[in-house]
>>> print(open('entry-v8.txt').read())   # compact mmCIF, C-alpha atoms
# COMPACT_ATOMS: atom_id res chain seq x y z
CA MET G 683 5.81 -18.63 -40.18
CA SER G 684 3.36 -16.38 -41.90
CA LYS G 685 2.44 -13.31 -39.80
CA GLN G 686 5.07 -13.50 -37.09
CA GLN G 687 8.74 -13.87 -37.81
CA GLY G 688 9.83 -14.97 -34.33
CA THR G 689 13.50 -15.34 -33.50
CA GLY G 690 12.85 -18.59 -31.64
CA GLU G 691 14.44 -16.86 -28.64
CA ARG G 692 12.81 -16.60 -25.24
CA ARG G 693 12.38 -12.84 -24.55
CA TRP G 694 10.17 -10.44 -22.61
CA TYR G 695 7.45 -8.69 -24.60
CA VAL G 696 4.92 -6.04 -23.63
CA ILE G 697 1.23 -6.34 -24.41
CA HIS G 698 -1.22 -3.47 -24.29
CA THR G 699 -4.51 -4.01 -22.47
CA TYR G 700 -7.55 -1.99 -21.54
CA SER G 701 -6.53 0.09 -18.53
CA GLY G 702 -7.81 -1.39 -15.28
CA TYR G 703 -7.95 -4.92 -16.72
CA GLU G 704 -4.24 -5.79 -16.35
CA GLU G 705 -4.80 -8.41 -13.60
CA ALA G 706 -7.79 -9.93 -15.44
CA VAL G 707 -5.75 -10.16 -18.67
CA ALA G 708 -2.85 -11.80 -16.82
CA ARG G 709 -5.22 -14.30 -15.18
CA ASN G 710 -7.02 -15.07 -18.48
CA LEU G 711 -3.74 -15.46 -20.34
CA ARG G 712 -2.37 -17.87 -17.69
CA GLN G 713 -5.56 -19.97 -18.04
CA ARG G 714 -5.24 -19.98 -21.84
CA ILE G 715 -1.57 -21.03 -21.62
CA ASP G 716 -2.59 -23.99 -19.44
CA SER G 717 -5.66 -25.03 -21.41
CA MET G 718 -3.93 -24.72 -24.80
CA GLY G 719 -0.73 -26.46 -23.68
CA MET G 720 1.55 -23.45 -24.34
CA ARG G 721 3.83 -23.70 -21.27
CA ASP G 722 6.76 -24.58 -23.54
CA GLN G 723 6.37 -21.28 -25.48
CA ILE G 724 4.81 -18.80 -23.01
CA PHE G 725 6.57 -18.96 -19.66
CA GLU G 726 5.53 -16.07 -17.45
CA VAL G 727 2.93 -13.29 -17.32
CA ILE G 728 3.51 -10.30 -15.02
CA VAL G 729 1.73 -7.06 -14.17
CA PRO G 730 4.64 -4.86 -13.03
CA THR G 731 4.00 -3.19 -9.66
CA GLU G 732 6.05 -1.32 -7.07
CA LYS G 733 5.50 -0.26 -3.47
CA LYS G 734 4.27 3.31 -2.97
CA ILE G 735 3.50 5.25 0.18
CA LYS G 736 0.19 7.11 -0.02
CA VAL G 737 -1.88 9.04 2.47
CA LYS G 738 -5.31 7.69 3.33
CA ALA G 739 -7.37 9.25 6.11
CA GLY G 740 -4.29 11.20 7.24
CA LYS G 741 -2.15 8.07 7.66
CA ARG G 742 0.73 6.69 5.63
CA VAL G 743 -0.27 3.49 3.85
CA GLU G 744 2.00 1.28 1.77
CA GLU G 745 0.31 0.03 -1.41
CA LYS G 746 1.31 -1.79 -4.56
CA GLU G 747 0.83 0.39 -7.63
CA LYS G 748 1.10 -0.54 -11.31
CA ILE G 749 4.30 0.80 -12.86
CA TYR G 750 2.79 0.87 -16.37
CA PRO G 751 -1.03 1.00 -16.24
CA GLY G 752 -2.49 -0.66 -19.35
CA TYR G 753 0.49 -2.96 -19.94
CA VAL G 754 1.40 -6.56 -19.07
CA LEU G 755 4.78 -8.30 -19.53
CA VAL G 756 5.00 -11.73 -21.15
CA ASP G 757 8.09 -13.96 -21.18
CA MET G 758 7.71 -16.02 -24.36
CA ILE G 759 9.04 -17.36 -27.63
CA VAL G 760 7.17 -15.59 -30.43
CA ASN G 761 5.82 -17.73 -33.26
CA ASP G 762 2.44 -17.88 -35.02
CA GLU G 763 0.88 -20.09 -32.39
CA SER G 764 2.10 -18.22 -29.27
CA TRP G 765 1.36 -14.84 -30.89
CA TYR G 766 -2.20 -15.98 -31.61
CA VAL G 767 -2.78 -17.20 -28.03
CA VAL G 768 -1.63 -13.90 -26.50
CA ARG G 769 -3.18 -11.61 -29.13
CA ASN G 770 -6.60 -13.24 -28.87
CA THR G 771 -6.82 -13.11 -25.09
CA PRO G 772 -9.85 -10.99 -24.10
CA ARG G 773 -9.03 -7.30 -23.49
CA VAL G 774 -5.57 -7.51 -25.10
CA THR G 775 -5.33 -4.76 -27.70
CA GLY G 776 -1.98 -5.87 -29.10
CA PHE G 777 1.75 -6.21 -28.67
CA VAL G 778 3.97 -3.19 -28.26
CA GLY G 779 6.06 -3.05 -31.42
CA SER G 780 6.02 -1.91 -34.99
CA GLY G 781 2.99 -3.01 -36.99
CA THR G 782 2.08 -6.59 -36.11
CA GLN G 783 5.69 -7.45 -35.24
CA PRO G 784 6.24 -7.59 -31.44
CA VAL G 785 9.49 -5.96 -30.32
CA PRO G 786 11.18 -7.56 -27.29
CA LEU G 787 12.31 -5.51 -24.32
CA ASP G 788 16.00 -4.78 -24.07
CA GLN G 789 17.67 -6.85 -21.30
CA ALA G 790 18.75 -3.66 -19.50
CA GLU G 791 15.09 -2.52 -19.43
CA VAL G 792 14.02 -5.89 -18.02
CA ASP G 793 16.74 -5.79 -15.33
CA SER G 794 15.83 -2.22 -14.34
CA LEU G 795 12.12 -3.06 -14.18
CA PHE G 796 12.64 -6.16 -12.02
CA LYS G 797 14.89 -4.15 -9.70
CA ARG G 798 12.05 -1.62 -9.25
CA MET G 799 9.51 -4.39 -8.68
CA THR G 800 11.57 -6.20 -6.03
CA SER G 801 12.77 -3.11 -4.16
CA ASP G 802 11.84 -3.19 -0.48
CA THR G 803 11.92 0.57 -0.10
CA ALA G 804 8.55 2.07 -0.90
CA LYS G 805 8.47 5.30 -2.88
CA HIS G 806 6.32 8.20 -1.75
CA LYS G 807 3.26 8.87 -3.88
CA ILE G 808 3.07 12.63 -3.96
CA GLU G 809 0.04 13.75 -5.88
CA LEU G 810 1.16 17.34 -6.19
CA GLY G 811 2.69 19.24 -9.08
CA LEU G 812 4.99 22.25 -9.25
CA ASP G 813 3.14 25.55 -8.70
CA ASP G 814 0.09 23.78 -7.19
CA ALA G 815 -1.65 25.93 -4.60
CA VAL G 816 -1.53 24.21 -1.19
CA VAL G 817 -2.43 24.85 2.41
CA ILE G 818 -0.16 23.67 5.22
CA ALA G 819 -2.19 21.27 7.35
CA ASP G 820 0.22 20.63 10.20
CA GLY G 821 3.20 22.06 12.06
CA PRO G 822 4.26 25.61 12.95
CA PHE G 823 3.08 26.99 9.57
CA LYS G 824 -0.39 25.42 9.85
CA ASP G 825 -3.12 27.15 7.80
CA LEU G 826 -0.65 29.18 5.71
CA GLU G 827 -1.15 28.95 1.96
CA GLY G 828 1.58 28.74 -0.64
CA LYS G 829 2.74 27.22 -3.91
CA VAL G 830 4.72 24.03 -4.41
CA GLY G 831 8.24 25.04 -5.45
CA GLU G 832 10.04 21.69 -5.32
CA ILE G 833 9.16 18.00 -4.90
CA ASP G 834 11.51 15.33 -3.52
CA GLU G 835 9.71 11.99 -3.99
CA GLU G 836 12.64 9.96 -2.62
CA ARG G 837 12.48 11.69 0.77
CA GLY G 838 8.72 12.42 0.71
CA LYS G 839 9.33 16.15 1.05
CA VAL G 840 7.93 19.24 -0.66
CA LYS G 841 9.25 22.78 -0.63
CA VAL G 842 6.38 25.25 -0.38
CA MET G 843 6.86 28.92 -1.24
CA VAL G 844 4.97 30.75 1.52
CA PRO G 845 4.42 34.55 1.46
CA MET G 846 6.04 35.77 4.71
CA PHE G 847 7.56 39.11 5.63
CA GLY G 848 6.61 40.56 2.24
CA ARG G 849 8.37 37.90 0.15
CA GLU G 850 8.15 34.24 -0.89
CA THR G 851 9.94 32.08 1.68
CA PRO G 852 10.72 28.40 0.99
CA VAL G 853 9.52 26.02 3.70
CA GLU G 854 10.45 22.32 3.50
CA LEU G 855 7.67 20.06 4.71
CA ASP G 856 6.77 16.39 4.77
CA PHE G 857 4.23 15.69 2.03
CA LEU G 858 1.72 14.68 4.75
CA GLN G 859 1.78 18.25 6.02
CA VAL G 860 0.30 19.84 2.88
CA LYS G 861 -3.04 19.61 1.11
CA ARG G 862 -3.88 20.82 -2.39
CA ILE G 863 -6.39 23.69 -2.39
>>> encode(input="entry-v8.txt", output="structure tokens")
Amino acid sequence: MSKQQGTGERRWYVIHTYSGYEEAVARNLRQRIDSMGMRDQIFEVIVPTEKKIKVKAGKRVEEKEKIYPGYVLVDMIVNDESWYVVRNTPRVTGFVGSGTQPVPLDQAEVDSLFKRMTSDTAKHKIELGLDDAVVIADGPFKDLEGKVGEIDEERGKVKVMVPMFGRETPVELDFLQVKRI
């Protein structure tokens, strides 16, 4: 083996792609694996996604969102031939690793990632940051303005610091109840 000193072991590797082209890269790579007869060296190609809850037109919508935009996972045995097939797939910019040597993912990282991908509970997508100025859009505090003091993505809640009675008062709200100003 000249360029790539593969271990001969089947492992998960990460390839970097142009952002927004992850699905196209995965599709192209799968076609190349088939047409070049590489199924015995490149086994699986995955774009890691997880369920997120977002707000669209005032309603909660569950969507799949990329966990790592710009990256695709490949289950493979690295050698010159397999490295070449993956590396020369259109819109692949390279393997994640040091120099030209791909570094496999740690098994604990793989297990954690697959757990995230297969989880049935959708996470809330809260597109707010701490200290963002917001207006309360619903509920008893409607139309009051404040600053985001705390964000709880698990529960889909935000704590907004609202000026009331001459001081900042924390009000816990559902993330659907606030809008960034």
>>> closest_residue(input="entry-v8.txt", among="G:Asp788, G:Glu691, G:Glu850, G:Asp716", to="Val760 (chain G)", atoms="only C-alpha atoms")
G:Glu691
>>> residues_around(input="entry-v8.txt", residues="region 826-829 of chain G", least_positions_apart="6", cutoff="8 Å", atoms="all atoms listed in the file", output="PDB file with C-alpha atoms, keeping the file's coordinate frame")
ATOM      1  CA  LEU G 812       4.990  22.250  -9.250  1.00  0.00           C
ATOM      2  CA  ASP G 813       3.140  25.550  -8.700  1.00  0.00           C
ATOM      3  CA  ASP G 814       0.090  23.780  -7.190  1.00  0.00           C
ATOM      4  CA  ALA G 815      -1.650  25.930  -4.600  1.00  0.00           C
ATOM      5  CA  VAL G 816      -1.530  24.210  -1.190  1.00  0.00           C
ATOM      6  CA  VAL G 817      -2.430  24.850   2.410  1.00  0.00           C
ATOM      7  CA  ILE G 818      -0.160  23.670   5.220  1.00  0.00           C
ATOM      8  CA  VAL G 842       6.380  25.250  -0.380  1.00  0.00           C
ATOM      9  CA  MET G 843       6.860  28.920  -1.240  1.00  0.00           C
ATOM     10  CA  VAL G 844       4.970  30.750   1.520  1.00  0.00           C
ATOM     11  CA  PRO G 845       4.420  34.550   1.460  1.00  0.00           C
TER      12      PRO G 845
END
>>> atom_distance(input="entry-v8.txt", atom1="CA of Ile833 (chain G)", atom2="CA of Phe847 (chain G)")
23.6 Å
>>> closest_residue(input="entry-v8.txt", among="G:Asp856, G:Glu704, G:Glu745, G:Asp834", to="Pro730 (chain G)", atoms="only C-alpha atoms")
G:Glu704
>>> atom_distance(input="entry-v8.txt", atom1="CA of Pro784 (chain G)", atom2="CA of Arg798 (chain G)")
23.7 Å
>>> atom_distance(input="entry-v8.txt", atom1="CA of Ile735 (chain G)", atom2="CA of Trp694 (chain G)")
28.5 Å
>>> closest_residue(input="entry-v8.txt", among="G:Val778, G:Leu711, G:Val860, G:Ala790", to="Gly838 (chain G)", atoms="all atoms listed in the file")
G:Val860
>>> residues_around(input="entry-v8.txt", residues="Glu747 (chain G)", least_positions_apart="4", cutoff="7 Å", atoms="all atoms listed in the file", output="compact mmCIF listing (two decimals) with C-alpha atoms, in the coordinates of the input")
# COMPACT_ATOMS: atom_id res chain seq x y z
CA THR G 731 4.00 -3.19 -9.66
CA GLU G 732 6.05 -1.32 -7.07
CA LYS G 733 5.50 -0.26 -3.47
CA LYS G 734 4.27 3.31 -2.97
>>> closest_residue(input="entry-v8.txt", among="G:Val774, G:Gly781, G:Lys736, G:Leu858", to="Ala804 (chain G)", atoms="only C-alpha atoms")
G:Lys736
>>> build_atoms(input="entry-v8.txt", residues="region 800-813 of chain G", atoms="N, CA and C atoms", output="mmCIF file, in the frame of the given file")
data_model
loop_
_atom_site.group_PDB
_atom_site.id
_atom_site.type_symbol
_atom_site.label_atom_id
_atom_site.label_comp_id
_atom_site.auth_asym_id
_atom_site.auth_seq_id
_atom_site.Cartn_x
_atom_site.Cartn_y
_atom_site.Cartn_z
ATOM 1 N N THR G 800 11.152 -5.444 -7.217
ATOM 2 C CA THR G 800 11.570 -6.200 -6.030
ATOM 3 C C THR G 800 12.146 -5.328 -4.937
ATOM 4 N N SER G 801 12.226 -4.017 -5.163
ATOM 5 C CA SER G 801 12.770 -3.110 -4.160
ATOM 6 C C SER G 801 11.907 -3.119 -2.903
ATOM 7 N N ASP G 802 12.571 -3.180 -1.751
ATOM 8 C CA ASP G 802 11.840 -3.190 -0.480
ATOM 9 C C ASP G 802 11.500 -1.786 0.004
ATOM 10 N N THR G 803 12.185 -0.784 -0.544
ATOM 11 C CA THR G 803 11.920 0.570 -0.100
ATOM 12 C C THR G 803 10.780 1.158 -0.931
ATOM 13 N N ALA G 804 9.723 1.505 -0.239
ATOM 14 C CA ALA G 804 8.550 2.070 -0.900
ATOM 15 C C ALA G 804 8.812 3.526 -1.278
ATOM 16 N N LYS G 805 8.349 3.913 -2.451
ATOM 17 C CA LYS G 805 8.470 5.300 -2.880
ATOM 18 C C LYS G 805 7.238 6.066 -2.406
ATOM 19 N N HIS G 806 7.439 7.357 -2.156
ATOM 20 C CA HIS G 806 6.320 8.200 -1.750
ATOM 21 C C HIS G 806 5.485 8.554 -2.965
ATOM 22 N N LYS G 807 4.178 8.478 -2.809
ATOM 23 C CA LYS G 807 3.260 8.870 -3.880
ATOM 24 C C LYS G 807 2.800 10.275 -3.545
ATOM 25 N N ILE G 808 3.407 11.236 -4.217
ATOM 26 C CA ILE G 808 3.070 12.630 -3.960
ATOM 27 C C ILE G 808 2.207 13.110 -5.113
ATOM 28 N N GLU G 809 0.953 13.350 -4.822
ATOM 29 C CA GLU G 809 0.040 13.750 -5.880
ATOM 30 C C GLU G 809 -0.073 15.262 -5.941
ATOM 31 N N LEU G 810 1.071 15.897 -6.057
ATOM 32 C CA LEU G 810 1.160 17.340 -6.190
ATOM 33 C C LEU G 810 2.043 17.653 -7.385
ATOM 34 N N GLY G 811 1.847 18.800 -7.978
ATOM 35 C CA GLY G 811 2.690 19.240 -9.080
ATOM 36 C C GLY G 811 3.325 20.581 -8.726
ATOM 37 N N LEU G 812 4.350 20.951 -9.469
ATOM 38 C CA LEU G 812 4.990 22.250 -9.250
ATOM 39 C C LEU G 812 3.959 23.357 -9.463
ATOM 40 N N ASP G 813 4.034 24.379 -8.651
ATOM 41 C CA ASP G 813 3.140 25.550 -8.700
ATOM 42 C C ASP G 813 1.713 25.268 -8.246
#
